[in-house]
Every structure is written in C-alpha cells, then in structure tokens.
Amino acid sequence: MTKVSWKPGTMVYPAPAVLVSCGSKETNDANIVTVAWIGTVCTEPPMLSISVRPTRYSHAIICRHMTFTVNLTTQTMARAVDWCGVKSGRDYDKFKQTGLTYLPGISNTCCMIGESPLCIECRVKEILKLGSHDMFIADVINIVADSQYIDPDTGVFNLEAAGLIAYSHGKYYSLGEQLGHFGFSVKKKGKQTK
C-alpha cells in the first residue's frame, strides 16, 4: 500500500451535519446555520463544541445570547441542511425559506427545529479565537428528543431509526448498516447451543 503526503488540512471525515439554531422570535433574530465542525468535549459535565466563522451571521447572534441549540439532521432534512449552509440569515428567514418548524427553546433562550429527532440545548462557556473559525465550548443544559424514537417499554432512544446524515469532504451521506456495538470486539462468546 502506497501512502502520499498532502498539505495539512481538515480531513476528519465523516462529520455530523447539524443545524445550529440561535436567537429567537422574541428577540427578532432567530436563525439557523449548518455546522460540520462539531465535537464532544466532555461527558461529566456534558459539553460539546462548535466552530463557526466570525463572518457568519449566526456568530454574532451566538455571542450576543451565549446560547445555541444543536439540531441533529435526517435524510429528509438534507436539502434544508445544505441550503442553510450556503444562504445567509442576513438575507433570508431560514425557517420560512426551508419550511423547517420553529420551536421555542425549553431550557435556553434560543429556538430549536421541530423536524430534528434530537435537539441539544447549549450554553456557551468559552469562546476560543483560533483563526478562520472561533470555537464555542458549551455546556449541554438540556436534550429534547422526538418521542417517536423512544421505546415506550424500555425508554431507550433509537436514534439510528431517525435516518441521520453525515458530511464528508463536500458531500452529504446517509449512514450505512451497523457493523458492531461498543465493546463487541472484546465480548466473550457464549456457549454454543445445538
């Protein structure tokens, strides 16, 4: 196998393709921005980060309110995900243009998206100015889940059934089949039955 060296770049793919909502109708600045630069920061306390260019309209809204909501996206939302990433909230009401449903926040001051199977409400803890993007490190203050994906008997959330999408090097993809589960590589094999 031959390896080729490339110049340094952001090549960690695939990445989640999420819609980050910020602002609200009450403050007349509700907006949505597509973000692929997102990551888990900490489990206890639950924290995540998003990176947004300072030139993006949503950047100033997030700085003003210090809250945002990460809305996971599905195959049926793919067109809206792309549209919200290439059009500016300075020029368009993205909820109106995409047909996505505006919902007021539950635990923070910003909105969320009704079509998202999982909305993660966040409060900004720190902003790191890094270069082309600023990283917003945030506490997760609430999770809002679509009840259709919660098993009524076990309470387990079946996020895989939502049809989530990912972003890889300029393209959107649906997720494929399950290859295993956490710990499957070390699970002891049970006794064989005849």
# chains A, B, ... in the order shown; residues from 1 in each chain; ligands from 1
>>> residues_around(residues="segment 175-191 of chain A", least_positions_apart="3", cutoff="8 Å", atoms="only C-alpha atoms", output="number ranges by chain")
A: 163-166
>>> residues_around(residues="Val33 of chain A", least_positions_apart="2", cutoff="8 Å", atoms="only C-alpha atoms", output="ChimeraX atom specification")
/A:19-21,31,35,58,84-85
>>> write_last_selection(atoms="N, CA, C and O atoms", output="mmCIF file, in the first residue's frame")
data_model
loop_
_atom_site.group_PDB
_atom_site.id
_atom_site.type_symbol
_atom_site.label_atom_id
_atom_site.label_comp_id
_atom_site.auth_asym_id
_atom_site.auth_seq_id
_atom_site.Cartn_x
_atom_site.Cartn_y
_atom_site.Cartn_z
ATOM 1 N N LEU A 19 -27.696 21.230 12.163
ATOM 2 C CA LEU A 19 -28.207 22.588 12.049
ATOM 3 C C LEU A 19 -28.145 23.207 13.438
ATOM 4 O O LEU A 19 -28.688 22.654 14.400
ATOM 5 N N VAL A 20 -27.449 24.319 13.544
ATOM 6 C CA VAL A 20 -27.354 25.041 14.806
ATOM 7 C C VAL A 20 -28.334 26.200 14.744
ATOM 8 O O VAL A 20 -28.254 27.047 13.849
ATOM 9 N N SER A 21 -29.285 26.200 15.671
ATOM 10 C CA SER A 21 -30.238 27.305 15.733
ATOM 11 C C SER A 21 -29.812 28.244 16.855
ATOM 12 O O SER A 21 -29.227 27.837 17.855
ATOM 13 N N ASN A 31 -32.271 32.254 13.825
ATOM 14 C CA ASN A 31 -31.511 31.876 12.638
ATOM 15 C C ASN A 31 -31.039 30.436 12.748
ATOM 16 O O ASN A 31 -31.057 29.835 13.821
ATOM 17 N N VAL A 35 -23.491 23.362 10.433
ATOM 18 C CA VAL A 35 -22.168 23.203 11.036
ATOM 19 C C VAL A 35 -21.738 21.754 10.921
ATOM 20 O O VAL A 35 -22.498 20.841 11.241
ATOM 21 N N SER A 58 -24.770 33.983 12.141
ATOM 22 C CA SER A 58 -25.080 33.314 13.410
ATOM 23 C C SER A 58 -24.018 33.556 14.480
ATOM 24 O O SER A 58 -24.314 33.497 15.676
ATOM 25 N N CYS A 84 -29.221 25.958 4.333
ATOM 26 C CA CYS A 84 -28.854 26.794 5.479
ATOM 27 C C CYS A 84 -27.349 27.019 5.574
ATOM 28 O O CYS A 84 -26.903 27.937 6.254
ATOM 29 N N GLY A 85 -26.566 26.206 4.876
ATOM 30 C CA GLY A 85 -25.121 26.378 4.880
ATOM 31 C C GLY A 85 -24.612 27.311 3.801
ATOM 32 O O GLY A 85 -23.501 27.829 3.905
#
>>> closest_residue(among="A:Met77, A:Val86, A:Leu118, A:Val12", to="Gly99 of chain A", atoms="only C-alpha atoms")
A:Met77
>>> select_by_dssp(residues="segment 8-57 of chain A", states="strand (DSSP E or B)", output="PyMOL selection string")
chain A and resi 15-16+18-22+31-35+38-42+47-52
>>> write_last_selection(atoms="N, CA, C and O atoms", output="PDB file, in the first residue's frame")
ATOM      1  N   ALA A  15     -18.234  13.696   9.227  1.00  0.00           N
ATOM      2  CA  ALA A  15     -18.584  14.512  10.391  1.00  0.00           C
ATOM      3  C   ALA A  15     -20.099  14.646  10.439  1.00  0.00           C
ATOM      4  O   ALA A  15     -20.762  14.568   9.398  1.00  0.00           O
ATOM      5  N   PRO A  16     -20.654  14.856  11.614  1.00  0.00           N
ATOM      6  CA  PRO A  16     -22.100  15.099  11.659  1.00  0.00           C
ATOM      7  C   PRO A  16     -22.429  16.371  10.885  1.00  0.00           C
ATOM      8  O   PRO A  16     -21.667  17.336  10.916  1.00  0.00           O
ATOM      9  N   VAL A  18     -24.979  19.067  11.191  1.00  0.00           N
ATOM     10  CA  VAL A  18     -26.024  19.519  12.109  1.00  0.00           C
ATOM     11  C   VAL A  18     -26.504  20.914  11.721  1.00  0.00           C
ATOM     12  O   VAL A  18     -25.805  21.664  11.042  1.00  0.00           O
ATOM     13  N   LEU A  19     -27.696  21.230  12.163  1.00  0.00           N
ATOM     14  CA  LEU A  19     -28.207  22.588  12.049  1.00  0.00           C
ATOM     15  C   LEU A  19     -28.145  23.207  13.438  1.00  0.00           C
ATOM     16  O   LEU A  19     -28.688  22.654  14.400  1.00  0.00           O
ATOM     17  N   VAL A  20     -27.449  24.319  13.544  1.00  0.00           N
ATOM     18  CA  VAL A  20     -27.354  25.041  14.806  1.00  0.00           C
ATOM     19  C   VAL A  20     -28.334  26.200  14.744  1.00  0.00           C
ATOM     20  O   VAL A  20     -28.254  27.047  13.849  1.00  0.00           O
ATOM     21  N   SER A  21     -29.285  26.200  15.671  1.00  0.00           N
ATOM     22  CA  SER A  21     -30.238  27.305  15.733  1.00  0.00           C
ATOM     23  C   SER A  21     -29.812  28.244  16.855  1.00  0.00           C
ATOM     24  O   SER A  21     -29.227  27.837  17.855  1.00  0.00           O
ATOM     25  N   CYS A  22     -30.104  29.529  16.636  1.00  0.00           N
ATOM     26  CA  CYS A  22     -29.725  30.541  17.607  1.00  0.00           C
ATOM     27  C   CYS A  22     -30.730  31.675  17.536  1.00  0.00           C
ATOM     28  O   CYS A  22     -31.474  31.808  16.563  1.00  0.00           O
ATOM     29  N   ASN A  31     -32.271  32.254  13.825  1.00  0.00           N
ATOM     30  CA  ASN A  31     -31.511  31.876  12.638  1.00  0.00           C
ATOM     31  C   ASN A  31     -31.039  30.436  12.748  1.00  0.00           C
ATOM     32  O   ASN A  31     -31.057  29.835  13.821  1.00  0.00           O
ATOM     33  N   ILE A  32     -30.620  29.893  11.605  1.00  0.00           N
ATOM     34  CA  ILE A  32     -30.084  28.538  11.520  1.00  0.00           C
ATOM     35  C   ILE A  32     -28.797  28.587  10.693  1.00  0.00           C
ATOM     36  O   ILE A  32     -28.753  29.254   9.666  1.00  0.00           O
ATOM     37  N   VAL A  33     -27.784  27.867  11.133  1.00  0.00           N
ATOM     38  CA  VAL A  33     -26.550  27.745  10.364  1.00  0.00           C
ATOM     39  C   VAL A  33     -26.153  26.259  10.339  1.00  0.00           C
ATOM     40  O   VAL A  33     -26.313  25.547  11.330  1.00  0.00           O
ATOM     41  N   THR A  34     -25.668  25.803   9.198  1.00  0.00           N
ATOM     42  CA  THR A  34     -25.180  24.432   9.071  1.00  0.00           C
ATOM     43  C   THR A  34     -23.753  24.362   9.604  1.00  0.00           C
ATOM     44  O   THR A  34     -22.922  25.209   9.272  1.00  0.00           O
ATOM     45  N   VAL A  35     -23.491  23.362  10.433  1.00  0.00           N
ATOM     46  CA  VAL A  35     -22.168  23.203  11.036  1.00  0.00           C
ATOM     47  C   VAL A  35     -21.738  21.754  10.921  1.00  0.00           C
ATOM     48  O   VAL A  35     -22.498  20.841  11.241  1.00  0.00           O
ATOM     49  N   ILE A  38     -18.070  20.112  14.702  1.00  0.00           N
ATOM     50  CA  ILE A  38     -18.716  19.911  15.991  1.00  0.00           C
ATOM     51  C   ILE A  38     -18.072  18.714  16.664  1.00  0.00           C
ATOM     52  O   ILE A  38     -17.636  17.776  15.994  1.00  0.00           O
ATOM     53  N   GLY A  39     -18.011  18.755  17.983  1.00  0.00           N
ATOM     54  CA  GLY A  39     -17.424  17.611  18.670  1.00  0.00           C
ATOM     55  C   GLY A  39     -17.819  17.539  20.126  1.00  0.00           C
ATOM     56  O   GLY A  39     -18.218  18.525  20.743  1.00  0.00           O
ATOM     57  N   THR A  40     -17.704  16.341  20.672  1.00  0.00           N
ATOM     58  CA  THR A  40     -17.918  16.121  22.094  1.00  0.00           C
ATOM     59  C   THR A  40     -16.673  16.582  22.829  1.00  0.00           C
ATOM     60  O   THR A  40     -15.549  16.282  22.419  1.00  0.00           O
ATOM     61  N   VAL A  41     -16.844  17.297  23.919  1.00  0.00           N
ATOM     62  CA  VAL A  41     -15.722  17.819  24.684  1.00  0.00           C
ATOM     63  C   VAL A  41     -15.558  17.073  25.999  1.00  0.00           C
ATOM     64  O   VAL A  41     -14.453  16.741  26.409  1.00  0.00           O
ATOM     65  N   CYS A  42     -16.679  16.777  26.662  1.00  0.00           N
ATOM     66  CA  CYS A  42     -16.612  16.185  27.988  1.00  0.00           C
ATOM     67  C   CYS A  42     -17.915  15.443  28.274  1.00  0.00           C
ATOM     68  O   CYS A  42     -18.979  15.847  27.786  1.00  0.00           O
ATOM     69  N   MET A  47     -20.505  18.389  27.727  1.00  0.00           N
ATOM     70  CA  MET A  47     -20.086  19.579  26.993  1.00  0.00           C
ATOM     71  C   MET A  47     -19.825  19.209  25.542  1.00  0.00           C
ATOM     72  O   MET A  47     -19.463  18.069  25.234  1.00  0.00           O
ATOM     73  N   LEU A  48     -20.002  20.177  24.659  1.00  0.00           N
ATOM     74  CA  LEU A  48     -19.661  19.997  23.253  1.00  0.00           C
ATOM     75  C   LEU A  48     -19.099  21.296  22.721  1.00  0.00           C
ATOM     76  O   LEU A  48     -19.117  22.320  23.394  1.00  0.00           O
ATOM     77  N   SER A  49     -18.596  21.235  21.493  1.00  0.00           N
ATOM     78  CA  SER A  49     -18.074  22.450  20.866  1.00  0.00           C
ATOM     79  C   SER A  49     -18.569  22.528  19.433  1.00  0.00           C
ATOM     80  O   SER A  49     -18.823  21.501  18.789  1.00  0.00           O
ATOM     81  N   ILE A  50     -18.727  23.744  18.960  1.00  0.00           N
ATOM     82  CA  ILE A  50     -18.954  24.010  17.544  1.00  0.00           C
ATOM     83  C   ILE A  50     -17.963  25.085  17.125  1.00  0.00           C
ATOM     84  O   ILE A  50     -17.553  25.909  17.935  1.00  0.00           O
ATOM     85  N   SER A  51     -17.583  25.056  15.860  1.00  0.00           N
ATOM     86  CA  SER A  51     -16.697  26.100  15.335  1.00  0.00           C
ATOM     87  C   SER A  51     -17.422  26.823  14.213  1.00  0.00           C
ATOM     88  O   SER A  51     -17.967  26.189  13.312  1.00  0.00           O
ATOM     89  N   VAL A  52     -17.442  28.153  14.293  1.00  0.00           N
ATOM     90  CA  VAL A  52     -18.179  28.997  13.354  1.00  0.00           C
ATOM     91  C   VAL A  52     -17.277  30.145  12.913  1.00  0.00           C
ATOM     92  O   VAL A  52     -16.579  30.749  13.741  1.00  0.00           O
TER      93      VAL A  52
END
>>> residues_around(residues="Ser116 of chain A", least_positions_apart="2", cutoff="9 Å", atoms="only C-alpha atoms", output="PyMOL selection string")
chain A and resi 19+71-74+77+112-114+118-119+145-146+162
>>> closest_residue(among="A:Leu100, A:Ala17, A:Val140, A:Cys110", to="Ile61 of chain A", atoms="only C-alpha atoms")
A:Cys110
>>> closest_residue(among="A:Ile120, A:Tyr172, A:Lys129, A:Leu159", to="Val70 of chain A", atoms="only C-alpha atoms")
A:Ile120
>>> closest_residue(among="A:Tyr149, A:Tyr167, A:Phe95, A:Trp6", to="Asp29 of chain A", atoms="only C-alpha atoms")
A:Phe95
>>> residues_around(residues="Arg90 of chain A", least_positions_apart="3", cutoff="9 Å", atoms="only C-alpha atoms", output="PyMOL selection string")
chain A and resi 57+87+93
>>> write_last_selection(atoms="N, CA and C atoms", output="CSV table (one decimal), in the first residue's frame")
chain,number,residue,atom,x,y,z
A,57,TYR,N,-23.4,35.1,10.0
A,57,TYR,CA,-24.5,35.9,10.7
A,57,TYR,C,-24.8,35.3,12.0
A,87,LYS,N,-26.8,29.9,2.3
A,87,LYS,CA,-27.5,31.2,2.3
A,87,LYS,C,-27.3,31.8,3.7
A,93,ASP,N,-35.1,34.6,6.0
A,93,ASP,CA,-35.7,33.9,7.1
A,93,ASP,C,-35.5,32.5,6.8
>>> closest_residue(among="A:Leu103, A:Gln75, A:Pro117, A:Lys125", to="Pro46 of chain A", atoms="only C-alpha atoms")
A:Lys125
>>> atom_distance(atom1="atom CA of Thr2 of chain A", atom2="atom CA of Lys171 of chain A")
25.6 Å
>>> select_by_dssp(residues="segment 87-172 of chain A", states="helix (DSSP H, G or I)", output="PyMOL selection string")
chain A and resi 94-98+147-149+159-162
>>> closest_residue(among="A:Ile141, A:Met11, A:Leu128, A:Ile62", to="Pro45 of chain A", atoms="only C-alpha atoms")
A:Ile141
>>> atom_distance(atom1="atom CA of Gly23 of chain A", atom2="atom CA of Ser132 of chain A")
22.8 Å
>>> residues_around(residues="Cys63 of chain A", least_positions_apart="5", cutoff="10 Å", atoms="only C-alpha atoms", output="PyMOL selection string")
chain A and resi 22+54+58+68+124+127+136
>>> write_last_selection(atoms="C-alpha atoms", output="PDB file, in the first residue's frame")
ATOM      1  CA  CYS A  22     -29.725  30.541  17.607  1.00  0.00           C
ATOM      2  CA  PRO A  54     -16.785  35.123  12.642  1.00  0.00           C
ATOM      3  CA  SER A  58     -25.080  33.314  13.410  1.00  0.00           C
ATOM      4  CA  PHE A  68     -27.387  27.839  20.809  1.00  0.00           C
ATOM      5  CA  VAL A 124     -21.628  28.924  25.854  1.00  0.00           C
ATOM      6  CA  ILE A 127     -15.056  31.219  23.046  1.00  0.00           C
ATOM      7  CA  PHE A 136     -17.700  27.844  21.102  1.00  0.00           C
TER       8      PHE A 136
END
